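Source file: model09.txt. Holds: compact mmCIF, C-alpha atoms and all ligand atoms.
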```
# COMPACT_ATOMS: atom_id res chain seq x y z
CA MET A 1 0.00 0.00 0.00
CA ILE A 2 1.30 3.44 -0.88
CA LYS A 3 -0.12 6.79 0.21
CA PHE A 4 0.50 9.86 -1.89
CA GLN A 5 -1.11 12.96 -3.41
CA LEU A 6 -2.68 12.22 -6.77
CA ASN A 7 -3.70 15.25 -8.78
CA GLY A 8 -4.21 17.27 -5.61
CA SER A 9 -6.12 14.66 -3.60
CA PRO A 10 -4.94 12.04 -1.11
CA ALA A 11 -4.71 8.57 -2.62
CA GLU A 12 -3.94 5.07 -1.35
CA TRP A 13 -3.12 2.37 -3.84
CA GLU A 14 -2.33 -1.31 -3.52
CA ILE A 15 0.56 -1.98 -5.85
CA LYS A 16 2.22 -5.09 -7.18
CA PRO A 17 5.83 -5.87 -6.24
CA ASN A 18 8.27 -4.20 -8.63
CA GLU A 19 5.45 -2.58 -10.57
CA ILE A 20 6.45 0.29 -12.83
CA LEU A 21 4.55 3.55 -12.42
CA LEU A 22 3.40 3.71 -16.05
CA ASP A 23 1.82 0.27 -15.70
CA THR A 24 0.18 1.15 -12.37
CA LEU A 25 -1.29 4.35 -13.78
CA ARG A 26 -2.79 2.58 -16.75
CA ARG A 27 -4.04 -0.29 -14.56
CA MET A 28 -5.77 2.30 -12.38
CA GLY A 29 -7.48 3.84 -15.41
CA LEU A 30 -5.22 6.85 -15.84
CA LYS A 31 -4.32 6.35 -19.47
CA GLY A 32 -3.13 9.85 -20.33
CA ALA A 33 0.49 8.81 -19.83
CA LYS A 34 1.35 6.87 -22.96
CA GLU A 35 3.59 3.90 -23.54
CA GLY A 36 6.34 4.40 -26.07
CA CYS A 37 9.90 3.19 -25.82
CA ARG A 38 9.83 2.10 -22.14
CA GLN A 39 13.50 3.09 -22.07
CA GLY A 40 13.39 6.74 -20.98
CA GLU A 41 13.96 8.00 -24.51
CA CYS A 42 10.65 9.32 -25.86
CA GLY A 43 8.92 11.08 -22.92
CA VAL A 44 5.36 10.11 -23.88
CA CYS A 45 4.98 8.57 -20.40
CA THR A 46 5.86 11.85 -18.64
CA VAL A 47 4.19 12.74 -15.33
CA LEU A 48 5.19 15.34 -12.73
CA LEU A 49 6.57 14.06 -9.43
CA ASP A 50 6.87 16.84 -6.85
CA GLY A 51 6.55 19.26 -9.77
CA LYS A 52 9.32 17.78 -11.88
CA PRO A 53 8.86 15.82 -15.12
CA ILE A 54 9.84 12.18 -14.88
CA ASN A 55 9.51 9.19 -17.17
CA SER A 56 6.91 6.97 -15.53
CA CYS A 57 8.25 3.99 -17.50
CA LEU A 58 11.48 4.10 -15.49
CA LEU A 59 10.18 4.49 -11.93
CA TYR A 60 9.06 1.82 -9.52
CA THR A 61 5.61 2.81 -8.27
CA ALA A 62 6.74 2.32 -4.68
CA ARG A 63 8.97 5.38 -5.11
CA ILE A 64 5.96 7.74 -5.23
CA ASP A 65 4.97 6.91 -1.64
CA GLY A 66 4.52 10.16 0.31
CA ARG A 67 5.05 12.34 -2.75
CA LYS A 68 2.95 14.52 -5.07
CA LEU A 69 2.04 13.09 -8.44
CA LEU A 70 0.40 15.09 -11.23
CA THR A 71 -0.83 13.33 -14.35
CA ILE A 72 -2.46 14.91 -17.37
CA GLU A 73 -5.84 13.97 -15.88
CA GLY A 74 -5.15 16.43 -13.06
CA VAL A 75 -4.25 19.34 -15.31
CA THR A 76 -7.77 20.11 -16.52
CA PRO A 77 -9.79 21.79 -13.75
CA PRO A 78 -13.40 20.58 -13.38
CA LYS A 79 -15.94 23.09 -14.71
CA LYS A 80 -17.27 25.25 -11.92
CA LYS A 81 -20.89 24.68 -10.95
CA ASP A 82 -21.00 21.72 -13.29
CA LEU A 83 -22.03 18.37 -11.90
CA SER A 84 -21.14 16.48 -15.06
CA CYS A 85 -17.69 15.08 -15.68
CA GLU A 86 -17.02 17.73 -18.32
CA LYS A 87 -13.81 19.65 -17.79
CA GLU A 88 -12.38 22.94 -18.90
CA LEU A 89 -9.09 23.03 -20.73
CA HIS A 90 -6.05 24.35 -18.96
CA PRO A 91 -4.58 27.47 -20.66
CA ILE A 92 -1.61 25.36 -21.76
CA GLN A 93 -3.96 22.90 -23.47
CA GLU A 94 -5.86 25.78 -25.10
CA ALA A 95 -2.58 27.19 -26.38
CA PHE A 96 -1.55 23.83 -27.88
CA LEU A 97 -4.88 23.53 -29.68
CA GLU A 98 -4.85 27.10 -30.95
CA ALA A 99 -1.27 26.85 -32.21
CA GLY A 100 -1.93 23.59 -34.07
CA ALA A 101 0.67 21.90 -31.88
CA VAL A 102 -1.39 18.70 -31.62
CA GLN A 103 -1.72 16.16 -34.41
CA CYS A 104 -1.98 12.54 -33.31
CA GLY A 105 -1.76 13.70 -29.70
CA TYR A 106 0.43 10.84 -28.53
CA CYS A 107 3.14 13.14 -27.21
CA THR A 108 0.76 15.86 -26.05
CA PRO A 109 0.27 14.84 -22.40
CA GLY A 110 4.04 14.76 -21.94
CA MET A 111 4.42 18.09 -23.76
CA VAL A 112 1.70 19.76 -21.69
CA LEU A 113 3.08 18.46 -18.39
CA SER A 114 6.65 19.43 -19.30
CA THR A 115 5.36 22.89 -20.25
CA LYS A 116 3.53 23.16 -16.94
CA ALA A 117 6.65 22.25 -14.99
CA LEU A 118 8.59 24.89 -16.92
CA LEU A 119 6.04 27.71 -16.60
CA ASP A 120 5.41 26.99 -12.91
CA LYS A 121 9.02 27.89 -12.15
CA ASN A 122 9.78 30.24 -15.06
CA PRO A 123 6.77 32.26 -16.29
CA ASN A 124 8.75 33.96 -19.10
CA PRO A 125 11.07 31.35 -20.61
CA SER A 126 13.33 32.13 -23.54
CA GLU A 127 13.20 29.94 -26.65
CA PRO A 128 16.35 28.03 -25.62
CA GLU A 129 14.82 27.44 -22.18
CA ILE A 130 11.64 26.10 -23.81
CA LYS A 131 13.65 23.78 -26.05
CA LYS A 132 15.62 22.55 -23.05
CA ALA A 133 12.44 21.91 -21.03
CA LEU A 134 10.84 19.93 -23.86
CA GLU A 135 13.90 18.02 -25.02
CA GLY A 136 12.82 14.87 -23.20
CA VAL A 137 9.57 14.52 -25.15
CA LEU A 138 9.67 13.46 -28.79
CA CYS A 139 6.98 14.46 -31.27
CA ARG A 140 6.74 12.45 -34.44
CA CYS A 141 4.11 14.66 -36.11
CA THR A 142 4.23 18.40 -35.70
CA GLY A 143 7.83 19.45 -35.97
CA TYR A 144 8.61 21.61 -33.01
CA VAL A 145 7.88 25.13 -34.30
CA LYS A 146 4.19 25.03 -33.41
CA ILE A 147 4.93 23.44 -30.04
CA ILE A 148 7.33 26.25 -29.15
CA ASP A 149 4.72 28.78 -30.36
CA ALA A 150 2.20 27.05 -28.09
CA VAL A 151 4.46 27.29 -25.03
CA GLN A 152 5.07 31.00 -25.68
CA SER A 153 1.33 31.57 -26.09
CA ALA A 154 0.60 29.57 -22.90
CA ALA A 155 3.08 31.74 -20.99
CA LYS A 156 1.25 34.88 -22.18
CA LYS A 157 -2.14 33.42 -21.24
CA LEU A 158 -0.97 32.44 -17.76
CA ASN A 159 0.77 35.77 -17.17
CA ARG A 160 -2.45 37.61 -18.05
CA LYS A 161 -4.23 35.58 -15.36
CA ILE A 162 -1.78 36.58 -12.61
S1 LIG A 201 7.79 5.25 -22.74
FE1 LIG A 201 8.81 6.26 -21.13
S2 LIG A 201 10.34 7.45 -22.09
FE2 LIG A 201 9.42 6.34 -23.73
S1 LIG A 202 1.40 15.10 -32.09
FE1 LIG A 202 1.84 13.08 -32.78
S2 LIG A 202 3.67 12.56 -31.68
FE2 LIG A 202 3.37 14.63 -31.24
```
Here is the file; what I need is its structure written in the form of structure tokens.
Amino acid sequence: MIKFQLNGSPAEWEIKPNEILLDTLRRMGLKGAKEGCRQGECGVCTVLLDGKPINSCLLYTARIDGRKLLTIEGVTPPKKKDLSCEKELHPIQEAFLEAGAVQCGYCTPGMVLSTKALLDKNPNPSEPEIKKALEGVLCRCTGYVKIIDAVQSAAKKLNRKI
């Protein structure tokens, strides 16, 4: 049994011995983190652990005990005064859609979470800083120009909200 914070709420999960976090997440129905290389190379399995991007394919689930885990499912805030399961998009997700930075979407959860980790600590990143923050996530579809545009646009959106 592990106890941790999952997407802002306390969670307790029974885990299997030597289970890998990516497998636990998907077994628990959180399928936003994708499976790609399983070798720490592609970043499609990215989640934030204590605010930092990690490859969930490389971490034993037991290591998240007592820590804060954010998955893409926790990025979209529930609609206010809405009892349905519908959710609003986070400004970063809006920016990715508006910039055309999403095609197949396989890399997008990792891109959005890596962007969130960056903008949480650096609200006005330079282009080299954006490239550095996203270098662990590979996109097979878009090229990276639109993704960088999206991160810059997300920064502007979030700064307007402050
Ligand atoms: S599946 Fe984890 S880095 Fe590729
Ligand atoms: S949008 Fe397809 S891999 Fe990035």
Seminar exercise, completed: Judged by all atoms listed in the file, the minimum distance to ligand LIG 201 (chain A) among A:Ile72, A:Cys45, A:Leu138, A:Ala33 is found for A:Cys45
For this session: Within 9 Å of Pro125 (chain A), counting only C-alpha atoms, which residues show up once you throw out same-chain ones fewer than 5 positions away? Write them as an MDAnalysis selection string, please.
Result: chainID A and resid 118:119 130 151:152 155
For this session: Around ligand LIG 201 (chain A), at most 10 Å away and counting only C-alpha atoms and all ligand atoms, which residues are there? Put them as a count of residues only, please.
Result: 27
Enumerate residues in contact with ligand LIG 202 (chain A): an atom-to-atom distance of at most 7 Å, counting all atoms listed in the file. Format the result as a tab-separated table (two decimals) with C-alpha atoms, keeping the file's coordinate frame.
```
chain	number	residue	atom	x	y	z
A	101	ALA	CA	0.67	21.90	-31.88
A	102	VAL	CA	-1.39	18.70	-31.62
A	103	GLN	CA	-1.72	16.16	-34.41
A	104	CYS	CA	-1.98	12.54	-33.31
A	105	GLY	CA	-1.76	13.70	-29.70
A	106	TYR	CA	0.43	10.84	-28.53
A	107	CYS	CA	3.14	13.14	-27.21
A	108	THR	CA	0.76	15.86	-26.05
A	138	LEU	CA	9.67	13.46	-28.79
A	139	CYS	CA	6.98	14.46	-31.27
A	140	ARG	CA	6.74	12.45	-34.44
A	141	CYS	CA	4.11	14.66	-36.11
A	142	THR	CA	4.23	18.40	-35.70
```
Exercise. Residues at most 9 Å from Leu69 (chain A), counting all atoms listed in the file, excluding those fewer than 4 positions away in the same chain, as an NGL selection string?
Worked result: :A and (4-8 or 47-51 or 64)
Problem set entry | From A:Glu12, A:Glu127, A:Glu94, A:Asp120, residue lying nearest Ala62 (chain A) [all atoms listed in the file] |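 With all atoms listed in the file as the atom set, the closest residue is A:Glu12.
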For this session: Between CA of Phe96 (chain A) and CA of Gly32 (chain A), measure the distance and give it in Å to one decimal.
Result: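 CA of Gly32 (chain A) lies 16.0 Å from CA of Phe96 (chain A).
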Problem set entry | Between CA of Thr61 (chain A) and CA of Thr115 (chain A), distance in Å (one decimal) | 23.4 Å
Exercise. Quick one, how far is CA of Ile15 (chain A) from CA of Pro53 (chain A)?
Worked result: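 Taking CA of Ile15 (chain A) and CA of Pro53 (chain A), their separation equals 21.7 Å.
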Exercise. Smallest atom-to-atom distance to Thr76 (chain A): which of A:Leu113, A:Leu134, A:Ile20, A:Ala99, using only C-alpha atoms?
Worked result: A:Leu113
Kindly output region 138-149 of chain A as an mmCIF file, in the frame of the given file, after building all heavy atoms.
```cif
data_model
loop_
_atom_site.group_PDB
_atom_site.id
_atom_site.type_symbol
_atom_site.label_atom_id
_atom_site.label_comp_id
_atom_site.auth_asym_id
_atom_site.auth_seq_id
_atom_site.Cartn_x
_atom_site.Cartn_y
_atom_site.Cartn_z
ATOM 1 N N LEU A 138 9.543 13.485 -27.332
ATOM 2 C CA LEU A 138 9.670 13.460 -28.790
ATOM 3 C C LEU A 138 8.307 13.528 -29.451
ATOM 4 O O LEU A 138 7.383 12.822 -29.053
ATOM 5 C CB LEU A 138 10.376 12.174 -29.234
ATOM 6 C CG LEU A 138 11.762 11.937 -28.641
ATOM 7 C CD1 LEU A 138 12.369 10.668 -29.238
ATOM 8 C CD2 LEU A 138 12.673 13.130 -28.875
ATOM 9 N N CYS A 139 8.200 14.389 -30.465
ATOM 10 C CA CYS A 139 6.980 14.460 -31.270
ATOM 11 C C CYS A 139 7.295 13.971 -32.670
ATOM 12 O O CYS A 139 8.230 14.445 -33.303
ATOM 13 C CB CYS A 139 6.455 15.895 -31.327
ATOM 14 S SG CYS A 139 4.949 16.020 -32.322
ATOM 15 N N ARG A 140 6.492 13.018 -33.122
ATOM 16 C CA ARG A 140 6.740 12.450 -34.440
ATOM 17 C C ARG A 140 5.981 13.203 -35.520
ATOM 18 O O ARG A 140 6.155 12.940 -36.704
ATOM 19 C CB ARG A 140 6.290 10.984 -34.466
ATOM 20 C CG ARG A 140 7.045 10.097 -33.501
ATOM 21 C CD ARG A 140 6.165 8.941 -33.027
ATOM 22 N NE ARG A 140 6.843 8.096 -32.052
ATOM 23 C CZ ARG A 140 6.909 8.374 -30.751
ATOM 24 N NH1 ARG A 140 6.353 9.470 -30.266
ATOM 25 N NH2 ARG A 140 7.526 7.559 -29.929
ATOM 26 N N CYS A 141 5.059 14.107 -35.134
ATOM 27 C CA CYS A 141 4.110 14.660 -36.110
ATOM 28 C C CYS A 141 4.333 16.121 -36.451
ATOM 29 O O CYS A 141 4.297 16.488 -37.609
ATOM 30 C CB CYS A 141 2.689 14.567 -35.577
ATOM 31 S SG CYS A 141 2.169 12.943 -35.088
ATOM 32 N N THR A 142 4.455 16.972 -35.458
ATOM 33 C CA THR A 142 4.230 18.400 -35.700
ATOM 34 C C THR A 142 5.470 19.140 -36.140
ATOM 35 O O THR A 142 5.353 20.240 -36.661
ATOM 36 C CB THR A 142 3.740 19.093 -34.411
ATOM 37 O OG1 THR A 142 4.768 19.017 -33.433
ATOM 38 C CG2 THR A 142 2.483 18.454 -33.872
ATOM 39 N N GLY A 143 6.673 18.575 -35.984
ATOM 40 C CA GLY A 143 7.830 19.450 -35.970
ATOM 41 C C GLY A 143 7.712 20.184 -34.654
ATOM 42 O O GLY A 143 6.734 20.019 -33.945
ATOM 43 N N TYR A 144 8.653 21.015 -34.331
ATOM 44 C CA TYR A 144 8.610 21.610 -33.010
ATOM 45 C C TYR A 144 8.256 23.097 -33.028
ATOM 46 O O TYR A 144 8.051 23.697 -31.984
ATOM 47 C CB TYR A 144 9.954 21.396 -32.298
ATOM 48 C CG TYR A 144 10.141 19.931 -31.965
ATOM 49 C CD1 TYR A 144 10.684 19.050 -32.881
ATOM 50 C CD2 TYR A 144 9.712 19.422 -30.745
ATOM 51 C CE1 TYR A 144 10.816 17.702 -32.593
ATOM 52 C CE2 TYR A 144 9.839 18.083 -30.439
ATOM 53 C CZ TYR A 144 10.391 17.230 -31.370
ATOM 54 O OH TYR A 144 10.511 15.899 -31.084
ATOM 55 N N VAL A 145 8.130 23.681 -34.221
ATOM 56 C CA VAL A 145 7.880 25.130 -34.300
ATOM 57 C C VAL A 145 6.555 25.475 -33.635
ATOM 58 O O VAL A 145 6.467 26.388 -32.809
ATOM 59 C CB VAL A 145 7.889 25.590 -35.780
ATOM 60 C CG1 VAL A 145 7.478 27.057 -35.876
ATOM 61 C CG2 VAL A 145 9.262 25.365 -36.384
ATOM 62 N N LYS A 146 5.513 24.722 -33.973
ATOM 63 C CA LYS A 146 4.190 25.030 -33.410
ATOM 64 C C LYS A 146 4.145 24.733 -31.908
ATOM 65 O O LYS A 146 3.422 25.388 -31.163
ATOM 66 C CB LYS A 146 3.113 24.217 -34.139
ATOM 67 C CG LYS A 146 2.921 24.700 -35.561
ATOM 68 C CD LYS A 146 1.879 23.899 -36.288
ATOM 69 C CE LYS A 146 1.672 24.471 -37.672
ATOM 70 N NZ LYS A 146 0.687 23.704 -38.452
ATOM 71 N N ILE A 147 4.897 23.752 -31.476
ATOM 72 C CA ILE A 147 4.930 23.440 -30.040
ATOM 73 C C ILE A 147 5.585 24.598 -29.279
ATOM 74 O O ILE A 147 5.093 25.031 -28.236
ATOM 75 C CB ILE A 147 5.646 22.105 -29.800
ATOM 76 C CG1 ILE A 147 4.769 20.955 -30.317
ATOM 77 C CG2 ILE A 147 5.978 21.912 -28.326
ATOM 78 C CD1 ILE A 147 5.435 19.597 -30.334
ATOM 79 N N ILE A 148 6.668 25.115 -29.813
ATOM 80 C CA ILE A 148 7.330 26.250 -29.150
ATOM 81 C C ILE A 148 6.408 27.472 -29.163
ATOM 82 O O ILE A 148 6.277 28.183 -28.161
ATOM 83 C CB ILE A 148 8.693 26.537 -29.819
ATOM 84 C CG1 ILE A 148 9.643 25.372 -29.508
ATOM 85 C CG2 ILE A 148 9.285 27.856 -29.321
ATOM 86 C CD1 ILE A 148 10.867 25.311 -30.363
ATOM 87 N N ASP A 149 5.722 27.688 -30.305
ATOM 88 C CA ASP A 149 4.720 28.780 -30.360
ATOM 89 C C ASP A 149 3.680 28.586 -29.253
ATOM 90 O O ASP A 149 3.259 29.540 -28.599
ATOM 91 C CB ASP A 149 3.974 28.776 -31.706
ATOM 92 C CG ASP A 149 4.852 29.249 -32.857
ATOM 93 O OD1 ASP A 149 5.941 29.790 -32.586
ATOM 94 O OD2 ASP A 149 4.435 29.070 -34.014
#
```
